[in-house]
Structures are given as structure tokens and as C-alpha cells.
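Source file: data21.tsv. Holds: TSV, C-alpha atoms.
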```tsv
chain	number	residue	atom	x	y	z
Z	12	MET	CA	0.12	9.68	18.06
Z	13	PRO	CA	-2.98	7.44	17.90
Z	14	PHE	CA	-2.70	3.70	17.39
Z	15	ALA	CA	-5.26	0.97	16.77
Z	16	THR	CA	-4.30	-2.44	18.19
Z	17	THR	CA	-5.11	-5.54	16.15
Z	18	ASP	CA	-6.30	-8.85	17.58
Z	19	ASP	CA	-2.74	-10.20	17.21
Z	20	GLY	CA	-1.25	-7.28	19.16
Z	21	ILE	CA	0.11	-5.13	16.28
Z	22	ARG	CA	-0.19	-1.37	16.75
Z	23	LEU	CA	-1.31	0.51	13.60
Z	24	HIS	CA	-0.64	4.22	13.46
Z	25	TYR	CA	-3.49	6.31	12.07
Z	26	GLU	CA	-4.26	9.99	11.58
Z	27	GLU	CA	-7.55	11.86	11.17
Z	28	SER	CA	-8.42	15.17	9.52
Z	29	GLY	CA	-11.76	16.88	9.02
Z	30	SER	CA	-15.19	15.82	10.20
Z	31	GLY	CA	-18.27	14.11	8.89
Z	32	VAL	CA	-18.63	10.80	7.09
Z	33	PRO	CA	-15.44	8.69	7.37
Z	34	LEU	CA	-13.25	8.34	4.29
Z	35	ILE	CA	-10.35	5.91	4.81
Z	36	PHE	CA	-7.34	5.83	2.50
Z	37	VAL	CA	-5.32	2.58	2.20
Z	38	HIS	CA	-1.79	3.09	0.84
Z	39	GLU	CA	0.27	1.28	-1.76
Z	40	PHE	CA	3.32	-0.96	-1.30
Z	41	GLY	CA	5.75	1.79	-2.36
Z	42	GLY	CA	4.24	4.49	-0.14
Z	43	ASP	CA	2.74	4.90	3.29
Z	44	HIS	CA	-0.01	6.88	5.01
Z	45	ARG	CA	1.67	10.15	4.02
Z	46	SER	CA	1.17	9.35	0.32
Z	47	TRP	CA	-2.44	10.49	0.61
Z	48	GLU	CA	-1.65	14.01	1.86
Z	49	PRO	CA	-2.99	15.89	-1.23
Z	50	GLN	CA	-6.24	13.90	-1.18
Z	51	VAL	CA	-6.67	14.34	2.56
Z	52	ARG	CA	-6.05	18.09	2.27
Z	53	HIS	CA	-8.82	18.29	-0.35
Z	54	PHE	CA	-11.42	15.92	1.09
Z	55	ALA	CA	-10.98	16.90	4.77
Z	56	ARG	CA	-13.05	19.99	3.98
Z	57	ARG	CA	-16.09	17.72	3.63
Z	58	CYS	CA	-15.24	14.36	5.22
Z	59	ARG	CA	-13.54	12.79	8.18
Z	60	CYS	CA	-10.38	11.58	6.43
Z	61	VAL	CA	-8.40	8.74	7.95
Z	62	VAL	CA	-5.03	7.41	6.83
Z	63	TYR	CA	-3.04	4.65	8.47
Z	64	ALA	CA	0.35	3.02	8.10
Z	65	ALA	CA	-0.14	-0.66	7.26
Z	66	ARG	CA	1.63	-3.22	9.40
Z	67	GLY	CA	5.26	-3.28	8.41
Z	68	TYR	CA	5.30	0.48	7.74
Z	69	PRO	CA	6.59	2.63	10.62
Z	70	PRO	CA	5.36	4.19	12.80
Z	71	SER	CA	3.08	1.11	12.83
Z	72	ASP	CA	4.63	-2.05	14.22
Z	73	VAL	CA	6.86	-4.12	11.94
Z	74	PRO	CA	6.49	-7.82	12.79
Z	75	THR	CA	9.41	-9.96	11.65
Z	76	GLU	CA	7.46	-13.20	11.18
Z	77	PRO	CA	6.18	-13.68	7.60
Z	78	GLU	CA	3.05	-15.44	8.84
Z	79	ARG	CA	1.91	-12.18	10.44
Z	80	TYR	CA	1.32	-10.69	6.98
Z	81	GLY	CA	-1.17	-11.56	4.27
Z	82	GLN	CA	-4.24	-10.40	2.42
Z	83	TYR	CA	-6.75	-11.50	5.04
Z	84	ARG	CA	-4.60	-9.89	7.70
Z	85	ALA	CA	-4.52	-6.60	5.74
Z	86	VAL	CA	-8.33	-6.59	5.53
Z	87	ASP	CA	-8.65	-7.33	9.25
Z	88	ASP	CA	-6.23	-4.45	9.93
Z	89	LEU	CA	-8.45	-2.08	7.94
Z	90	VAL	CA	-11.43	-3.24	10.03
Z	91	THR	CA	-9.38	-2.65	13.19
Z	92	VAL	CA	-8.78	0.97	12.14
Z	93	LEU	CA	-12.45	1.42	11.31
Z	94	ASP	CA	-13.37	0.10	14.76
Z	95	ALA	CA	-10.73	2.28	16.45
Z	96	ILE	CA	-12.23	5.45	15.02
Z	97	GLY	CA	-15.67	4.34	16.18
Z	98	ALA	CA	-17.17	4.06	12.70
Z	99	TYR	CA	-19.14	1.07	11.52
Z	100	ARG	CA	-19.15	2.15	7.85
Z	101	ALA	CA	-16.85	4.27	5.72
Z	102	HIS	CA	-15.96	5.20	2.17
Z	103	VAL	CA	-12.70	3.35	1.46
Z	104	VAL	CA	-10.10	4.35	-1.14
Z	105	GLY	CA	-7.16	2.07	-1.89
Z	106	ASN	CA	-4.31	2.18	-4.37
Z	107	SER	CA	-2.27	-0.81	-5.58
Z	108	MET	CA	-1.59	-2.93	-2.49
Z	109	GLY	CA	-4.22	-0.78	-0.76
Z	110	GLY	CA	-6.58	-1.32	-3.70
Z	111	PHE	CA	-6.28	-5.06	-3.28
Z	112	CYS	CA	-7.03	-4.68	0.44
Z	113	THR	CA	-9.99	-2.42	-0.37
Z	114	LEU	CA	-11.37	-4.93	-2.89
Z	115	HIS	CA	-11.15	-7.78	-0.38
Z	116	PHE	CA	-12.64	-5.56	2.34
Z	117	GLY	CA	-15.65	-4.97	0.10
Z	118	LEU	CA	-15.97	-8.68	-0.64
Z	119	ARG	CA	-15.67	-9.76	3.01
Z	120	TYR	CA	-17.44	-6.84	4.71
Z	121	PRO	CA	-19.83	-5.28	2.17
Z	122	GLU	CA	-22.10	-4.02	4.94
Z	123	ARG	CA	-19.24	-1.87	6.31
Z	124	ALA	CA	-18.50	-0.10	3.01
Z	125	ARG	CA	-20.35	3.06	2.02
Z	126	SER	CA	-18.40	3.00	-1.24
Z	127	LEU	CA	-15.12	1.65	-2.56
Z	128	VAL	CA	-12.53	3.21	-4.83
Z	129	ILE	CA	-10.16	0.51	-6.03
Z	130	ALA	CA	-7.18	1.79	-8.02
Z	131	GLY	CA	-4.29	-0.16	-9.53
Z	132	CYS	CA	-5.54	-3.36	-7.92
Z	133	GLY	CA	-4.13	-6.82	-8.40
Z	134	TYR	CA	-0.36	-6.51	-8.69
Z	135	GLY	CA	1.16	-9.78	-7.58
Z	136	ALA	CA	-2.23	-11.50	-7.47
Z	137	HIS	CA	-1.64	-14.09	-10.20
Z	138	PRO	CA	-0.38	-17.38	-8.70
Z	139	GLU	CA	1.77	-18.15	-11.74
Z	140	ALA	CA	3.67	-14.86	-11.23
Z	141	ARG	CA	4.21	-15.31	-7.48
Z	142	GLU	CA	7.95	-16.07	-7.56
Z	143	GLU	CA	8.64	-13.27	-10.04
Z	144	PHE	CA	6.70	-10.84	-7.82
Z	145	ARG	CA	8.69	-11.94	-4.75
Z	146	ALA	CA	12.01	-11.55	-6.61
Z	147	GLU	CA	11.08	-8.06	-7.81
Z	148	SER	CA	9.89	-7.04	-4.34
Z	149	GLU	CA	13.19	-8.23	-2.86
Z	150	LYS	CA	15.16	-6.17	-5.40
Z	151	ILE	CA	13.09	-3.11	-4.58
Z	152	ALA	CA	13.60	-3.60	-0.83
Z	153	VAL	CA	17.34	-4.09	-1.25
Z	154	SER	CA	17.54	-0.93	-3.34
Z	155	PHE	CA	15.67	1.11	-0.72
Z	156	ASP	CA	18.09	-0.21	1.92
Z	157	THR	CA	21.32	0.19	-0.06
Z	158	GLU	CA	20.67	3.14	-2.39
Z	159	GLY	CA	17.95	4.99	-0.52
Z	160	PRO	CA	14.61	6.33	-1.66
Z	161	ALA	CA	15.92	9.10	-3.95
Z	162	GLU	CA	17.96	6.72	-6.13
Z	163	THR	CA	15.30	4.01	-6.08
Z	164	ALA	CA	12.65	6.53	-7.14
Z	165	LYS	CA	14.55	7.12	-10.40
Z	166	TRP	CA	13.55	3.67	-11.68
Z	167	TYR	CA	10.82	2.45	-9.32
Z	168	GLY	CA	7.88	3.28	-11.59
Z	169	PHE	CA	9.40	1.24	-14.42
Z	170	GLY	CA	10.17	-1.87	-12.36
Z	171	PRO	CA	13.55	-2.99	-11.03
Z	172	PRO	CA	16.42	-3.12	-13.51
Z	173	ALA	CA	17.23	-6.72	-14.48
Z	174	CYS	CA	13.57	-7.77	-14.23
Z	175	SER	CA	13.24	-8.07	-17.98
Z	176	SER	CA	10.18	-10.32	-17.91
Z	177	ARG	CA	8.14	-7.48	-16.39
Z	178	THR	CA	9.51	-4.74	-18.58
Z	179	ARG	CA	6.43	-3.34	-20.26
Z	180	THR	CA	6.23	-1.36	-23.45
Z	181	ARG	CA	4.77	2.05	-24.02
Z	182	ALA	CA	4.20	2.88	-27.66
Z	183	GLY	CA	6.45	-0.05	-28.54
Z	184	THR	CA	9.43	1.19	-26.52
Z	185	PRO	CA	10.65	-0.93	-23.58
Z	186	ASN	CA	10.71	0.90	-20.26
Z	187	THR	CA	14.43	0.22	-19.92
Z	188	SER	CA	15.09	2.65	-22.79
Z	189	ARG	CA	13.33	5.41	-20.85
Z	190	ARG	CA	15.77	5.17	-17.95
Z	191	SER	CA	18.83	7.33	-17.94
Z	192	PRO	CA	22.16	5.47	-18.27
Z	193	SER	CA	22.95	6.20	-14.61
Z	194	THR	CA	19.87	4.22	-13.50
Z	195	THR	CA	20.50	1.10	-15.55
Z	196	ARG	CA	23.80	0.03	-14.04
Z	197	SER	CA	24.15	-3.73	-14.00
Z	198	ALA	CA	25.37	-3.58	-10.39
Z	199	ARG	CA	21.95	-2.40	-9.28
Z	200	PRO	CA	19.81	-5.10	-7.66
```
Please, can you express the file's structure as C-alpha cells?
Amino acid sequence: MPFATTDDGIRLHYEESGSGVPLIFVHEFGGDHRSWEPQVRHFARRCRCVVYAARGYPPSDVPTEPERYGQYRAVDDLVTVLDAIGAYRAHVVGNSMGGFCTLHFGLRYPERARSLVIAGCGYGAHPEAREEFRAESEKIAVSFDTEGPAETAKWYGFGPPACSSRTRTRAGTPNTSRRSPSTTRSARP
């Protein structure tokens, strides 16, 4: 199992498939390196596909100190993986949390990007929504720990129950009405 080691000693697990020009996939908050499997299966026919588990996502190391996480750190971790595979430049694809990392990678290291695909970028980026984002993230984490991924997945795409300020509408219908009664229990975090 290959690992890239960051300048602060964190080991980041990565995997490679295919050959040719490097194409690195950066995962979202609610997934991990395995989330990119369909894309890797497709693009590995033409590219050297690389996925990695961000710090905090096993089998990468999970530091317990909050100061060992952050946006600049995430970008430096991406650079660490790029260096570990021996590539100066790569195409980089990121989704959500990974999209934010990819955007900042392009801003900080434009010379190292062949191209960028930035999807679903910016969640949690507005300073005025910081505390709400933290509260929602905590509820999601608690649900993963207490109810497990299968139960959490039933409502995850709509946002945590009881986070009414983030409940969005689709065609005028609040997301909460799209959940089944079993996933809207008030006891849920």
C-alpha cells in the first residue's frame, strides 16, 4: 500500500491505475479515494489515474489536533501526492471539499496544473456561515458514528435533519418533505 509523507509527518494513502499523463482525483467530504472508482476505471485506459485518501480519511493518517487540518494544508497534501508519484504537473479533478482544494491548488500552483475540473466547490466557504457549517458537519459525523453509513446515506444528500436553515427547496418543496418518515425522526442528530 503506497503512502506519501507530508512535511508534517502525515502519511497519505494513494493508488495508481493506468499509464500516461497523470490525472489526480481529489475526493469530497462525504466520500474517500474509493468514490472515484467509476471515473478511474474509465480514464485509466488513457491516463495515469491517481486517487488518494485525504488526511483524516483512513487508510491515511488521522491526526487528532485541529490545527493539522485546513485549506492550505489540503493543498500542500495534494502537492505531496504529486511529488510522491514523480510528476511535476497533472490534470486535477476535485469534487466538493476536493473541488475547493483543487481550486486553491490552481491558484497557488498554476504552473503544476495541466487542467482543473472543479465541481461542487465552495461549501462551507462563506465566513458568515462558518458556525452553521460546523454544526451540520458535527451532526453528520455523529450520525456516521451512531447510525452508520447506510442510515446516514438515507438523508445525507438533503442535509442533516434539524438543520432547517440549510433546507433547500426544489420546485418549491422543502427537502424535508422528500425524506421518508423513518428518516426524519426528531431523535436523529
Considering all atoms listed in the file, return as a list in words whatever protein or nucleic-acid residues lie within 7 Å of Glu27 in chain Z, sequence-local ones (same chain, fewer than 3 positions apart) excluded.
-> Arg59, Cys60, Val61 and Val62 of chain Z
Measure the distance from CA of Phe54 in chain Z to CA of Ser28 in chain Z in Å and round it to one decimal.
->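 If I compute the distance from CA of Phe54 in chain Z to CA of Ser28 in chain Z, I get 9.0 Å.
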One-decimal distance in Å that lies between CA of Ala130 in chain Z and CA of Ser107 in chain Z |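 Distance reported for this atom pair: 6.1 Å.
Each of Z:Thr16, Z:Gly105, Z:Tyr83, Z:Gly97 was checked against His38 in chain Z using all atoms listed in the file; the smallest atom-to-atom distance is that of Z:Gly105.
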Interatomic distance between CA of Ser148 in chain Z and CA of Pro160 in chain Z?
->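 Computed distance, CA of Ser148 in chain Z to CA of Pro160 in chain Z, equals 14.4 Å.
Using all atoms listed in the file for every distance, the candidate list Z:Gly67, Z:Val37, Z:Leu127, Z:Trp47 yields Z:Val37 as the residue closest to Val86 in chain Z.
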Using only C-alpha atoms, I'd like a table of the residues in range 22-78 of chain Z that come within 10 Å of range 114-125 of chain Z; for each, show the closest atom pair and its distance in Å rounded to one decimal, ordered by chain and ascending number, as a Markdown table.
```
| residue | atom | partner | partner_atom | distance |
| --- | --- | --- | --- | --- |
| Z:Val32 | CA | Z:Arg125 | CA | 9.4 |
| Z:Pro33 | CA | Z:Arg125 | CA | 9.2 |
| Z:Leu34 | CA | Z:Arg125 | CA | 9.1 |
```
Of Z:Gly29, Z:Gly110, Z:Pro70, Z:Gly41, the one nearest to Pro13 in chain Z when counting only C-alpha atoms is Z:Pro70
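Counting all atoms listed in the file and comparing Z:Thr113, Z:Gly31, Z:Asn106, Z:Arg100, the residue that lies closest to His44 in chain Z is Z:Asn106.
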Looking at Z:Asp72, Z:Phe14, Z:Val153, Z:Ala64, which one is nearest to Ser46 in chain Z, with distances taken over only C-alpha atoms?
->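 Distance minimum relative to Ser46 in chain Z lands on Z:Ala64.
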Show me, as AutoDock Vina command-line options, the centre and edge lengths in Å to one decimal of the axis-aligned box that covers every listed atom of range 139-144 of chain Z with 3 Å on each side.
```
--center_x 5.2 --center_y -14.5 --center_z -9.6 --size_x 12.9 --size_y 13.3 --size_z 10.3
```
Residue nearest Ile21 in chain Z among Z:Val73, Z:Tyr68, Z:Phe155, Z:Ala55 (counting only C-alpha atoms) |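 Of the candidates, the smallest distance to Ile21 in chain Z is held by Z:Val73.
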